Amino acid sequence: MRAASRPLLAWGAATRAVQRVTASSLGPYQSAVVRIGFAGAWLLFLLWELPNRRELYGPDSPWSWDMAQQLIARNGAFTGLMWSDSTVWFEIVFAVAVLSSALLLVGWRTRTMSVIFMFGVLSLQNRSIFMGDGGDNVIHLMAIYLVLTRCGQVWSLDARRAARTAAGVAAGAVAAAGAVSGAGAVRDRVGPLLWGCLGVFLLIGTVTDRVQGAVWLLVLFWGVWIAQALWWAVNRYEPNGEPRALLDVLANLVHNAALVVIMAEVCLVYATAGWYKIQGSRWQDGTALYYPLKLHYFAPWPELSGLLASSGVIVMLLTYGTVAVQVAFPFAVVNRRVKNVLLVAMMLEHAGIAVLLGLPFFSLAMIAADAVFLPTNFLRWLGDRLTGLRHRLFSRPRERAGGRGGGRKHLPEQRRDSPEQPRTLVG
């Protein structure tokens, strides 16, 4: 009996695993933090370099437009800045990059903004490949991965709009719920208008062969655009039917796969960095961190850097600790407690890099990547604290007074998954 029950138990476990993967988008809070972190880091970088934008990526760059065109003709990289060498076009692309970063940060039309965000990142970074401090490589990759995730499920304007729509439907009559859902889809004027405008630009770019050599990117652009059309049509005509369930399942599968890729990418970054350090003689004798601390170019606080560099014990501990944390982290993800301890250590390490070496945007990018491993309970607790703080700071005096007697008003909780998440192809 026991031997016969083992296949049944294994089949049941496999069924539950497949059901979980297809029925929900895992890590909604983690994907939201990654979205906010990378969009915020890129936005801050663009605003910081706003006075120098033309020297970095524009017509005044030492890496001229002709030189960039020759390199791109060889490596097949994509950049919208190669469509024209005019200053006006550069300013338009730069403005689009800034605006898309801000809108992705707050989670407005995240599916569309993630694509435009990727366009801005690739356009600027591939225009001048020598402008960056290491964090640009991480942002480059994560901008592509974010397109495949459902990163607006929580902590976004999309989630708030979905929650208000769901509340409006629930307040109506049960018999008219389907009609109200369909009407909600019809009332969305911004989405179809944005979709149509982007379709025109995409068609022009395809016909004129502006997406040079990047076939996979062209397929991705058209795939996302067609998926948006299908999503709108299904929500409009079959909001509670099987096509909507199928789209939910496919979106969940793509999201979960992209989230796994992001986690694997972070582990790969730390594993390669740690093992390469082990091979260096300065890392082996514990003096590697002494040298960057003595470089004036990487010393925004010379007194603090000199104080740390003057202690051989501190330099040795920081050197060996950096290598140990980076090498151990990929193996520690299987143990929750050890993983959380090393995660805190790595975030503190990047915070130290931002302060001591003057690389804030690199540190922000790496901390945003590390956030994919943060515990869900901690993120929910942090979100509740920030929501409560915002309510106390921006609520009206009358609402504050009403909260003392137990009548405090709470904003409706944002959705953790899409409204139709219980649907699945299994069970």
# chains A, B, ... in the order shown; residues from 1 in each chain; ligands from 1

call {"tool": "residues_around", "arguments": {"residues": "A:Ala299", "least_positions_apart": "4", "cutoff": "12 Å", "atoms": "only C-alpha atoms", "output": "MDAnalysis selection string"}}
result
chainID A and resid 290:295 303:309 352:359

call {"tool": "write_last_selection", "arguments": {"atoms": "N, CA, C and O atoms", "output": "CSV table (one decimal), in the first residue's frame"}}
result
chain,number,residue,atom,x,y,z
A,290,TYR,N,42.4,48.3,-0.1
A,290,TYR,CA,43.2,49.5,0.3
A,290,TYR,C,43.5,50.4,-0.9
A,290,TYR,O,43.5,51.6,-0.7
A,291,TYR,N,43.6,49.8,-2.0
A,291,TYR,CA,44.0,50.6,-3.2
A,291,TYR,C,42.9,51.6,-3.7
A,291,TYR,O,43.2,52.7,-4.0
A,292,PRO,N,41.7,51.1,-3.9
A,292,PRO,CA,40.6,52.0,-4.3
A,292,PRO,C,40.3,53.1,-3.2
A,292,PRO,O,39.9,54.2,-3.6
A,293,LEU,N,40.6,52.8,-2.0
A,293,LEU,CA,40.4,53.8,-0.9
A,293,LEU,C,41.4,54.9,-1.0
A,293,LEU,O,41.1,56.0,-0.5
A,294,LYS,N,42.5,54.7,-1.6
A,294,LYS,CA,43.6,55.7,-1.8
A,294,LYS,C,43.5,56.4,-3.1
A,294,LYS,O,44.3,57.3,-3.3
A,295,LEU,N,42.6,56.1,-4.0
A,295,LEU,CA,42.5,56.8,-5.2
A,295,LEU,C,41.6,58.0,-5.1
A,295,LEU,O,40.5,57.9,-4.6
A,303,GLU,N,38.8,62.0,4.0
A,303,GLU,CA,39.1,61.8,5.4
A,303,GLU,C,38.6,60.4,5.9
A,303,GLU,O,39.3,59.7,6.5
A,304,LEU,N,37.4,60.1,5.5
A,304,LEU,CA,36.8,58.8,5.9
A,304,LEU,C,37.5,57.7,5.2
A,304,LEU,O,37.8,56.6,5.8
A,305,SER,N,37.8,57.8,3.9
A,305,SER,CA,38.6,56.8,3.2
A,305,SER,C,39.9,56.6,3.8
A,305,SER,O,40.4,55.4,3.9
A,306,GLY,N,40.6,57.7,4.1
A,306,GLY,CA,41.9,57.6,4.7
A,306,GLY,C,41.9,56.9,6.1
A,306,GLY,O,42.8,56.1,6.4
A,307,LEU,N,40.8,57.2,6.8
A,307,LEU,CA,40.7,56.6,8.2
A,307,LEU,C,40.6,55.0,8.1
A,307,LEU,O,41.2,54.3,8.8
A,308,LEU,N,39.7,54.6,7.1
A,308,LEU,CA,39.6,53.1,6.9
A,308,LEU,C,40.8,52.5,6.4
A,308,LEU,O,41.2,51.4,6.8
A,309,ALA,N,41.5,53.2,5.4
A,309,ALA,CA,42.7,52.6,4.8
A,309,ALA,C,43.8,52.5,5.8
A,309,ALA,O,44.8,51.7,5.6
A,352,GLY,N,28.0,51.0,1.4
A,352,GLY,CA,29.4,51.4,1.7
A,352,GLY,C,30.1,51.9,0.4
A,352,GLY,O,30.8,52.8,0.4
A,353,ILE,N,29.9,51.1,-0.7
A,353,ILE,CA,30.5,51.5,-2.0
A,353,ILE,C,30.0,52.8,-2.4
A,353,ILE,O,30.7,53.7,-3.0
A,354,ALA,N,28.7,53.1,-2.3
A,354,ALA,CA,28.1,54.4,-2.7
A,354,ALA,C,28.7,55.5,-1.9
A,354,ALA,O,29.0,56.6,-2.5
A,355,VAL,N,29.0,55.3,-0.6
A,355,VAL,CA,29.5,56.4,0.2
A,355,VAL,C,31.0,56.5,0.1
A,355,VAL,O,31.5,57.7,-0.1
A,356,LEU,N,31.7,55.4,0.2
A,356,LEU,CA,33.2,55.5,0.2
A,356,LEU,C,33.8,55.7,-1.2
A,356,LEU,O,34.8,56.4,-1.3
A,357,LEU,N,33.2,55.1,-2.2
A,357,LEU,CA,33.8,55.1,-3.6
A,357,LEU,C,33.1,56.1,-4.5
A,357,LEU,O,33.5,56.2,-5.6
A,358,GLY,N,32.0,56.6,-4.0
A,358,GLY,CA,31.3,57.6,-4.9
A,358,GLY,C,30.6,57.0,-6.1
A,358,GLY,O,30.6,57.6,-7.2
A,359,LEU,N,30.0,55.8,-5.9
A,359,LEU,CA,29.3,55.1,-7.0
A,359,LEU,C,27.8,54.9,-6.6
A,359,LEU,O,27.4,53.7,-6.4

call {"tool": "closest_atom_pairs", "arguments": {"of": "stretch 81-168 of chain A", "to": "stretch 373-393 of chain A", "cutoff": "12 Å", "atoms": "only C-alpha atoms", "output": "JSON lines"}}
result
{"residue": "A:Val154", "atom": "CA", "partner": "A:Gly383", "partner_atom": "CA", "distance": 9.8}
{"residue": "A:Trp155", "atom": "CA", "partner": "A:Gly383", "partner_atom": "CA", "distance": 8.2}
{"residue": "A:Ser156", "atom": "CA", "partner": "A:Gly383", "partner_atom": "CA", "distance": 11.8}

call {"tool": "closest_residue", "arguments": {"among": "A:Leu26, A:Ala351, A:Leu71, A:Ile116", "to": "A:Leu99", "atoms": "only C-alpha atoms"}}
result
A:Ile116

call {"tool": "closest_residue", "arguments": {"among": "A:Cys267, A:Met67, A:Val93, A:Leu141", "to": "A:Arg53", "atoms": "only C-alpha atoms"}}
result
A:Val93

call {"tool": "atom_distance", "arguments": {"atom1": "atom CA of A:Gly107", "atom2": "atom CA of A:Arg161"}}
result
10.5 Å

call {"tool": "residues_around", "arguments": {"residues": "A:Val338", "least_positions_apart": "5", "cutoff": "12 Å", "atoms": "only C-alpha atoms", "output": "PyMOL selection string"}}
result
chain A and resi 325+328-333+343-345+373

call {"tool": "write_last_selection", "arguments": {"atoms": "all heavy atoms", "output": "short mmCIF file (atom, residue, chain, number, x, y, z; two decimals), in the first residue's frame"}}
result
data_model
loop_
_atom_site.label_atom_id
_atom_site.label_comp_id
_atom_site.auth_asym_id
_atom_site.auth_seq_id
_atom_site.Cartn_x
_atom_site.Cartn_y
_atom_site.Cartn_z
N VAL A 325 31.08 36.75 1.19
CA VAL A 325 29.64 36.97 0.97
C VAL A 325 29.27 36.70 -0.48
O VAL A 325 28.26 36.05 -0.77
CB VAL A 325 29.27 38.41 1.38
CG1 VAL A 325 27.86 38.76 0.91
CG2 VAL A 325 29.36 38.57 2.89
N ALA A 328 29.48 32.89 -1.25
CA ALA A 328 28.54 32.06 -0.50
C ALA A 328 27.09 32.32 -0.87
O ALA A 328 26.25 31.42 -0.70
CB ALA A 328 28.73 32.29 1.00
N PHE A 329 26.76 33.51 -1.36
CA PHE A 329 25.35 33.84 -1.54
C PHE A 329 24.62 32.90 -2.50
O PHE A 329 23.51 32.47 -2.19
CB PHE A 329 25.21 35.30 -2.02
CG PHE A 329 23.77 35.70 -2.20
CD1 PHE A 329 22.98 36.00 -1.12
CD2 PHE A 329 23.21 35.77 -3.47
CE1 PHE A 329 21.66 36.37 -1.27
CE2 PHE A 329 21.89 36.13 -3.64
CZ PHE A 329 21.11 36.43 -2.53
N PRO A 330 25.16 32.57 -3.68
CA PRO A 330 24.42 31.66 -4.57
C PRO A 330 24.09 30.32 -3.93
O PRO A 330 23.08 29.69 -4.27
CB PRO A 330 25.36 31.49 -5.77
CG PRO A 330 26.20 32.72 -5.76
CD PRO A 330 26.40 33.04 -4.32
N PHE A 331 24.92 29.87 -2.98
CA PHE A 331 24.66 28.60 -2.30
C PHE A 331 23.72 28.77 -1.11
O PHE A 331 23.15 27.78 -0.63
CB PHE A 331 25.97 27.97 -1.84
CG PHE A 331 26.96 27.74 -2.94
CD1 PHE A 331 27.98 28.63 -3.18
CD2 PHE A 331 26.85 26.63 -3.77
CE1 PHE A 331 28.90 28.43 -4.21
CE2 PHE A 331 27.75 26.41 -4.80
CZ PHE A 331 28.77 27.31 -5.02
N ALA A 332 23.58 30.00 -0.63
CA ALA A 332 22.77 30.24 0.56
C ALA A 332 21.31 30.48 0.25
O ALA A 332 20.49 30.58 1.18
CB ALA A 332 23.33 31.45 1.32
N VAL A 333 20.93 30.60 -1.02
CA VAL A 333 19.54 30.88 -1.35
C VAL A 333 18.61 29.73 -0.95
O VAL A 333 17.40 29.92 -0.83
CB VAL A 333 19.38 31.18 -2.85
CG1 VAL A 333 20.10 32.46 -3.22
CG2 VAL A 333 19.90 30.01 -3.70
N LEU A 343 22.00 38.67 2.54
CA LEU A 343 21.36 39.72 1.77
C LEU A 343 21.55 41.08 2.44
O LEU A 343 21.86 42.08 1.78
CB LEU A 343 19.87 39.41 1.63
CG LEU A 343 19.08 40.23 0.62
CD1 LEU A 343 19.64 40.04 -0.78
CD2 LEU A 343 17.61 39.82 0.65
N VAL A 344 21.40 41.12 3.75
CA VAL A 344 21.64 42.36 4.49
C VAL A 344 23.10 42.78 4.35
O VAL A 344 23.42 43.97 4.16
CB VAL A 344 21.26 42.18 5.97
CG1 VAL A 344 21.67 43.41 6.77
CG2 VAL A 344 19.76 41.95 6.11
N ALA A 345 24.01 41.81 4.44
CA ALA A 345 25.43 42.12 4.31
C ALA A 345 25.76 42.70 2.94
O ALA A 345 26.53 43.67 2.82
CB ALA A 345 26.26 40.86 4.57
N PHE A 373 15.24 39.03 -3.67
CA PHE A 373 15.32 37.97 -2.67
C PHE A 373 14.76 38.39 -1.31
O PHE A 373 14.85 37.60 -0.36
CB PHE A 373 16.77 37.52 -2.49
CG PHE A 373 17.33 36.79 -3.68
CD1 PHE A 373 18.17 37.44 -4.58
CD2 PHE A 373 17.02 35.46 -3.91
CE1 PHE A 373 18.69 36.78 -5.67
CE2 PHE A 373 17.54 34.79 -5.01
CZ PHE A 373 18.37 35.45 -5.89
#
